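Chemist: Can you keep this structure in mind? I'll have questions shortly.
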Amino acid sequence: MKRIVLLRHGESVWNRENRFTGWTDVDLTEKGVAEAAAAGELLRAEGITFDRAYTSYLKRAVRTLDEVLYCMDLAWIPVEKSWRLNEKHYGVLQGLNKAETAAKYGEEQVNVWRRSFDVAPAPLADDDPRNPRFEACYAAVPPAMLPRTEALCDTIARVIPYWECEILPALSVCDSILVVAHGNTLRGIIKHLKGIGDDEIASLNLPTAAPWVFEFDSEIRPVRDYLPGDPEENARRMAAVAAQGRAG
């Protein structure tokens, strides 16, 4: 049986402050580090191990991966980083408090910006210092490929080719792979794997540092998926993510 585990990063500083983060490179909180360690211990208790790992360029995902592998005594396995696994780009919303934004524009509009399949927030200007073209880590990426905003469909359009061409084929030489990324990049992968509709994907909320296990047969076809751990706790944490866009 082949396996890929999808894991959202632990709580970041802007998760704690309920801000739109996107491509802003914020670090984990102490709670986020503890969540990552707990995810590693849970996976180890489940008897899961990994041959290879993938993550984004953003430190909250990279640090989560490092903590998980450290707790599993797997710090030695190969790791590949890709900007294609970065979070959805939230454009001009990046840095804004979600509840304050909901109070100003309404919860329905904020939910559209957060969860809509094909509606993107307003883009960053070309000279906005938050534009990723100014960051050294993206210097090798053609400028036209770097987003200034994204809807979920745009995030999926950059993630799934990497999934199909790099991550999934690695199962031909690996038995088990860990992918540590972000709420929307992982929602896109899960949508692809489970055939979730464009409207239905809006209701999928991924808690921080909660592993989602996908098992594949010898033909690399998905056969089963599940969230290890306490089902009630997983449901509570998903509900907390869904509530982040409310005005309070």
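In the structure tokens, each chain is lettered A, B, ... as it comes, each chain's residues begin at 1, and ligands are numbered from 1 in order of appearance.
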Distance table requested - range 57-112 of chain A against range 160-174 of chain A, cut-off 12 Å, only C-alpha atoms: one row per qualifying residue with the closest atom pair and its distance in Å to one decimal, ordered by chain and rising residue number, as CSV.
Modeler:
```
residue,atom,partner,partner_atom,distance
A:Ile77,CA,A:Cys174,CA,11.3
A:Pro78,CA,A:Cys174,CA,11.1
A:Val79,CA,A:Ile167,CA,11.4
A:Glu80,CA,A:Ile167,CA,9.7
A:Lys81,CA,A:Tyr162,CA,11.1
A:Ser82,CA,A:Tyr162,CA,8.6
A:Trp83,CA,A:Tyr162,CA,10.0
A:Arg84,CA,A:Tyr162,CA,6.9
A:Leu85,CA,A:Tyr162,CA,8.3
A:Asn86,CA,A:Tyr162,CA,11.7
```
Chemist: Would you list the contacts of Glu150 in chain A as a PDB file with N, CA, C and O atoms, in the first residue's frame, taking every protein, DNA or RNA residue within 9 Å and counting only C-alpha atoms, but skipping same-chain residues closer than 4 positions in sequence?
Modeler:
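New file selection_29.pdb:
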```pdb
ATOM      1  N   LYS A  88      -2.511  30.098  -1.227  1.00  0.00           N
ATOM      2  CA  LYS A  88      -3.238  30.994  -2.129  1.00  0.00           C
ATOM      3  C   LYS A  88      -2.805  32.435  -1.851  1.00  0.00           C
ATOM      4  O   LYS A  88      -2.660  32.836  -0.694  1.00  0.00           O
ATOM      5  N   HIS A  89      -2.612  33.211  -2.897  1.00  0.00           N
ATOM      6  CA  HIS A  89      -2.238  34.610  -2.739  1.00  0.00           C
ATOM      7  C   HIS A  89      -3.502  35.444  -2.519  1.00  0.00           C
ATOM      8  O   HIS A  89      -4.420  35.407  -3.329  1.00  0.00           O
ATOM      9  N   TYR A  90      -3.532  36.203  -1.419  1.00  0.00           N
ATOM     10  CA  TYR A  90      -4.729  36.968  -1.060  1.00  0.00           C
ATOM     11  C   TYR A  90      -4.690  38.422  -1.514  1.00  0.00           C
ATOM     12  O   TYR A  90      -5.510  39.231  -1.072  1.00  0.00           O
ATOM     13  N   GLY A  91      -3.741  38.780  -2.381  1.00  0.00           N
ATOM     14  CA  GLY A  91      -3.732  40.121  -2.929  1.00  0.00           C
ATOM     15  C   GLY A  91      -3.673  41.196  -1.859  1.00  0.00           C
ATOM     16  O   GLY A  91      -2.905  41.109  -0.899  1.00  0.00           O
ATOM     17  N   ASP A 118     -13.771  30.778  -7.702  1.00  0.00           N
ATOM     18  CA  ASP A 118     -13.279  31.547  -8.847  1.00  0.00           C
ATOM     19  C   ASP A 118     -13.324  33.066  -8.670  1.00  0.00           C
ATOM     20  O   ASP A 118     -13.246  33.809  -9.645  1.00  0.00           O
ATOM     21  N   VAL A 119     -13.448  33.549  -7.436  1.00  0.00           N
ATOM     22  CA  VAL A 119     -13.420  34.997  -7.183  1.00  0.00           C
ATOM     23  C   VAL A 119     -12.174  35.326  -6.371  1.00  0.00           C
ATOM     24  O   VAL A 119     -11.987  34.811  -5.273  1.00  0.00           O
ATOM     25  N   ALA A 120     -11.331  36.189  -6.926  1.00  0.00           N
ATOM     26  CA  ALA A 120     -10.082  36.568  -6.266  1.00  0.00           C
ATOM     27  C   ALA A 120     -10.214  37.956  -5.642  1.00  0.00           C
ATOM     28  O   ALA A 120     -10.944  38.808  -6.163  1.00  0.00           O
ATOM     29  N   PRO A 121      -9.499  38.217  -4.538  1.00  0.00           N
ATOM     30  CA  PRO A 121      -9.431  39.583  -4.003  1.00  0.00           C
ATOM     31  C   PRO A 121      -8.736  40.506  -5.006  1.00  0.00           C
ATOM     32  O   PRO A 121      -8.115  40.046  -5.973  1.00  0.00           O
ATOM     33  N   ALA A 122      -8.805  41.799  -4.758  1.00  0.00           N
ATOM     34  CA  ALA A 122      -8.110  42.753  -5.626  1.00  0.00           C
ATOM     35  C   ALA A 122      -6.606  42.472  -5.607  1.00  0.00           C
ATOM     36  O   ALA A 122      -6.042  42.122  -4.573  1.00  0.00           O
ATOM     37  N   PRO A 123      -5.933  42.617  -6.755  1.00  0.00           N
ATOM     38  CA  PRO A 123      -4.508  42.282  -6.838  1.00  0.00           C
ATOM     39  C   PRO A 123      -3.608  43.357  -6.239  1.00  0.00           C
ATOM     40  O   PRO A 123      -3.988  44.534  -6.149  1.00  0.00           O
ATOM     41  N   ASP A 154      -7.153  29.461  -9.361  1.00  0.00           N
ATOM     42  CA  ASP A 154      -5.805  29.831  -9.782  1.00  0.00           C
ATOM     43  C   ASP A 154      -4.752  29.066  -8.982  1.00  0.00           C
ATOM     44  O   ASP A 154      -3.735  28.628  -9.529  1.00  0.00           O
ATOM     45  N   THR A 155      -5.001  28.922  -7.685  1.00  0.00           N
ATOM     46  CA  THR A 155      -4.092  28.157  -6.835  1.00  0.00           C
ATOM     47  C   THR A 155      -4.010  26.714  -7.320  1.00  0.00           C
ATOM     48  O   THR A 155      -2.920  26.141  -7.432  1.00  0.00           O
TER      49      THR A 155
END
```
Chemist: Which polymer residues have any atom within 6 Å of an atom of His182 in chain A, counting only C-alpha atoms, with same-chain residues fewer than 4 positions away left out, as a list in words?
Modeler: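 My list of contacting residues is Arg8, Glu87 and Leu186 of chain A.
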Chemist: With only C-alpha atoms as the basis for distance, which of A:Arg237, A:Lys2, A:Arg19, A:Lys194 is at the shortest distance from Asn97 in chain A?
Modeler: A:Arg19
Chemist: May I have all residues of range 7-59 of chain A that DSSP, computed from the backbone, assigns to strand (DSSP E or B), given as a list in words?
Modeler: Leu7, Arg8, Ser12, Arg19, Leu28, Arg52, Ala53, Tyr54 and Thr55 of chain A
Chemist: Keeping only all heavy atoms, write those residues as a PDB file, in the first residue's frame.
Modeler:
```pdb
ATOM      1  N   LEU A   7      -0.455  17.639   5.171  1.00  0.00           N
ATOM      2  CA  LEU A   7      -0.448  18.288   6.481  1.00  0.00           C
ATOM      3  C   LEU A   7      -0.353  19.793   6.312  1.00  0.00           C
ATOM      4  O   LEU A   7       0.597  20.309   5.714  1.00  0.00           O
ATOM      5  CB  LEU A   7       0.744  17.784   7.305  1.00  0.00           C
ATOM      6  CG  LEU A   7       0.880  18.351   8.724  1.00  0.00           C
ATOM      7  CD1 LEU A   7      -0.235  17.822   9.621  1.00  0.00           C
ATOM      8  CD2 LEU A   7       2.245  17.999   9.302  1.00  0.00           C
ATOM      9  N   ARG A   8      -1.340  20.499   6.843  1.00  0.00           N
ATOM     10  CA  ARG A   8      -1.250  21.955   6.905  1.00  0.00           C
ATOM     11  C   ARG A   8      -0.267  22.333   8.014  1.00  0.00           C
ATOM     12  O   ARG A   8      -0.150  21.634   9.028  1.00  0.00           O
ATOM     13  CB  ARG A   8      -2.621  22.552   7.190  1.00  0.00           C
ATOM     14  CG  ARG A   8      -2.654  24.078   7.149  1.00  0.00           C
ATOM     15  CD  ARG A   8      -4.018  24.611   7.551  1.00  0.00           C
ATOM     16  NE  ARG A   8      -3.994  26.075   7.621  1.00  0.00           N
ATOM     17  CZ  ARG A   8      -4.952  26.790   8.201  1.00  0.00           C
ATOM     18  NH1 ARG A   8      -5.996  26.198   8.762  1.00  0.00           N
ATOM     19  NH2 ARG A   8      -4.851  28.114   8.236  1.00  0.00           N
ATOM     20  N   SER A  12       0.421  29.802  12.775  1.00  0.00           N
ATOM     21  CA  SER A  12       1.388  30.864  12.523  1.00  0.00           C
ATOM     22  C   SER A  12       1.020  32.101  13.346  1.00  0.00           C
ATOM     23  O   SER A  12      -0.072  32.192  13.923  1.00  0.00           O
ATOM     24  CB  SER A  12       1.414  31.230  11.036  1.00  0.00           C
ATOM     25  OG  SER A  12       0.255  31.969  10.682  1.00  0.00           O
ATOM     26  N   ARG A  19      -5.306  36.999  10.677  1.00  0.00           N
ATOM     27  CA  ARG A  19      -5.024  37.826   9.516  1.00  0.00           C
ATOM     28  C   ARG A  19      -4.957  36.982   8.239  1.00  0.00           C
ATOM     29  O   ARG A  19      -4.601  35.818   8.288  1.00  0.00           O
ATOM     30  CB  ARG A  19      -3.689  38.569   9.689  1.00  0.00           C
ATOM     31  CG  ARG A  19      -3.677  39.545  10.844  1.00  0.00           C
ATOM     32  CD  ARG A  19      -2.342  40.286  10.930  1.00  0.00           C
ATOM     33  NE  ARG A  19      -2.321  41.167  12.077  1.00  0.00           N
ATOM     34  CZ  ARG A  19      -2.814  42.399  12.086  1.00  0.00           C
ATOM     35  NH1 ARG A  19      -3.360  42.882  10.980  1.00  0.00           N
ATOM     36  NH2 ARG A  19      -2.782  43.137  13.169  1.00  0.00           N
ATOM     37  N   LEU A  28       5.917  30.383  12.743  1.00  0.00           N
ATOM     38  CA  LEU A  28       5.016  29.690  13.659  1.00  0.00           C
ATOM     39  C   LEU A  28       5.021  30.367  15.027  1.00  0.00           C
ATOM     40  O   LEU A  28       6.009  30.972  15.441  1.00  0.00           O
ATOM     41  CB  LEU A  28       5.447  28.234  13.843  1.00  0.00           C
ATOM     42  CG  LEU A  28       5.424  27.315  12.627  1.00  0.00           C
ATOM     43  CD1 LEU A  28       5.888  25.910  13.047  1.00  0.00           C
ATOM     44  CD2 LEU A  28       4.045  27.249  11.998  1.00  0.00           C
ATOM     45  N   ARG A  52      10.163  10.384   1.678  1.00  0.00           N
ATOM     46  CA  ARG A  52      10.441  11.666   1.024  1.00  0.00           C
ATOM     47  C   ARG A  52       9.403  12.669   1.488  1.00  0.00           C
ATOM     48  O   ARG A  52       8.293  12.295   1.892  1.00  0.00           O
ATOM     49  CB  ARG A  52      10.380  11.492  -0.492  1.00  0.00           C
ATOM     50  CG  ARG A  52      10.758  12.726  -1.297  1.00  0.00           C
ATOM     51  CD  ARG A  52      10.747  12.451  -2.788  1.00  0.00           C
ATOM     52  NE  ARG A  52      11.734  11.424  -3.162  1.00  0.00           N
ATOM     53  CZ  ARG A  52      11.972  11.052  -4.414  1.00  0.00           C
ATOM     54  NH1 ARG A  52      11.268  11.583  -5.412  1.00  0.00           N
ATOM     55  NH2 ARG A  52      12.882  10.128  -4.678  1.00  0.00           N
ATOM     56  N   ALA A  53       9.754  13.976   1.417  1.00  0.00           N
ATOM     57  CA  ALA A  53       8.817  15.020   1.830  1.00  0.00           C
ATOM     58  C   ALA A  53       8.890  16.204   0.871  1.00  0.00           C
ATOM     59  O   ALA A  53       9.918  16.443   0.225  1.00  0.00           O
ATOM     60  CB  ALA A  53       9.113  15.478   3.251  1.00  0.00           C
ATOM     61  N   TYR A  54       7.780  16.944   0.822  1.00  0.00           N
ATOM     62  CA  TYR A  54       7.667  18.130  -0.019  1.00  0.00           C
ATOM     63  C   TYR A  54       7.065  19.254   0.820  1.00  0.00           C
ATOM     64  O   TYR A  54       6.215  19.010   1.682  1.00  0.00           O
ATOM     65  CB  TYR A  54       6.758  17.870  -1.222  1.00  0.00           C
ATOM     66  CG  TYR A  54       7.287  16.836  -2.187  1.00  0.00           C
ATOM     67  CD1 TYR A  54       7.110  15.476  -1.947  1.00  0.00           C
ATOM     68  CD2 TYR A  54       7.970  17.221  -3.343  1.00  0.00           C
ATOM     69  CE1 TYR A  54       7.600  14.523  -2.824  1.00  0.00           C
ATOM     70  CE2 TYR A  54       8.456  16.270  -4.241  1.00  0.00           C
ATOM     71  CZ  TYR A  54       8.273  14.931  -3.962  1.00  0.00           C
ATOM     72  OH  TYR A  54       8.759  13.989  -4.841  1.00  0.00           O
ATOM     73  N   THR A  55       7.483  20.480   0.537  1.00  0.00           N
ATOM     74  CA  THR A  55       6.895  21.624   1.224  1.00  0.00           C
ATOM     75  C   THR A  55       7.024  22.863   0.348  1.00  0.00           C
ATOM     76  O   THR A  55       7.584  22.817  -0.748  1.00  0.00           O
ATOM     77  CB  THR A  55       7.554  21.836   2.604  1.00  0.00           C
ATOM     78  OG1 THR A  55       6.797  22.796   3.347  1.00  0.00           O
ATOM     79  CG2 THR A  55       8.993  22.306   2.491  1.00  0.00           C
TER      80      THR A  55
END
```
Chemist: Nearest to Lys98 in chain A among A:Glu35, A:Asn15, A:Val213, A:Ala125, with distances taken over only C-alpha atoms: which residue is it?
Modeler: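 Closest residue, counting only C-alpha atoms: A:Asn15.
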Chemist: Once DSSP has gone over the backbone, tell me which residues of range 29-164 of chain A are in helix (DSSP H, G or I), as a PyMOL selection string.
Modeler: chain A and resi 30-45+59-71+83-85+91-93+98-105+107-115+132-134+136-138+143-145+152-164
Chemist: Work out how far apart CA of Gly195 in chain A and CA of Glu233 in chain A are and give it in Å to one decimal.
Modeler: 25.4 Å
Chemist: Can you tell me, as a PyMOL selection string, what residues are no more than 7 Å from range 66-76 of chain A when counting only C-alpha atoms, ignoring any on the same chain fewer than 6 positions away?
Modeler: chain A and resi 36-37+39-41+44
Chemist: For those residues, write N, CA, C and O atoms to a file as an mmCIF file, in the first residue's frame.
Modeler:
```
data_model
loop_
_atom_site.group_PDB
_atom_site.id
_atom_site.type_symbol
_atom_site.label_atom_id
_atom_site.label_comp_id
_atom_site.auth_asym_id
_atom_site.auth_seq_id
_atom_site.Cartn_x
_atom_site.Cartn_y
_atom_site.Cartn_z
ATOM 1 N N ALA A 36 2.932 21.036 15.517
ATOM 2 C CA ALA A 36 3.737 20.260 14.567
ATOM 3 C C ALA A 36 4.345 19.041 15.246
ATOM 4 O O ALA A 36 4.337 17.929 14.693
ATOM 5 N N ALA A 37 4.862 19.238 16.457
ATOM 6 C CA ALA A 37 5.437 18.120 17.200
ATOM 7 C C ALA A 37 4.372 17.067 17.506
ATOM 8 O O ALA A 37 4.626 15.858 17.391
ATOM 9 N N ALA A 39 1.704 16.469 15.765
ATOM 10 C CA ALA A 39 1.400 15.765 14.508
ATOM 11 C C ALA A 39 2.436 14.687 14.241
ATOM 12 O O ALA A 39 2.105 13.570 13.821
ATOM 13 N N GLY A 40 3.704 15.002 14.501
ATOM 14 C CA GLY A 40 4.756 14.006 14.318
ATOM 15 C C GLY A 40 4.584 12.816 15.238
ATOM 16 O O GLY A 40 4.738 11.658 14.816
ATOM 17 N N GLU A 41 4.247 13.090 16.487
ATOM 18 C CA GLU A 41 4.033 12.003 17.450
ATOM 19 C C GLU A 41 2.819 11.164 17.079
ATOM 20 O O GLU A 41 2.824 9.926 17.226
ATOM 21 N N ARG A 44 3.748 8.953 14.158
ATOM 22 C CA ARG A 44 4.628 7.884 14.645
ATOM 23 C C ARG A 44 3.821 6.823 15.384
ATOM 24 O O ARG A 44 4.042 5.617 15.194
#
```
Chemist: One number please: CA of Ala242 in chain A to CA of Leu65 in chain A, in Å, one decimal.
Modeler: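 It comes out at 24.1 Å.
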Chemist: From the options A:Glu17, A:Asp198, A:Glu135, A:Glu100, which residue's atoms come nearest to Ile156 in chain A, counting only C-alpha atoms?
Modeler: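 Looking at the shortest contact to Ile156 in chain A, the residue is A:Asp198.
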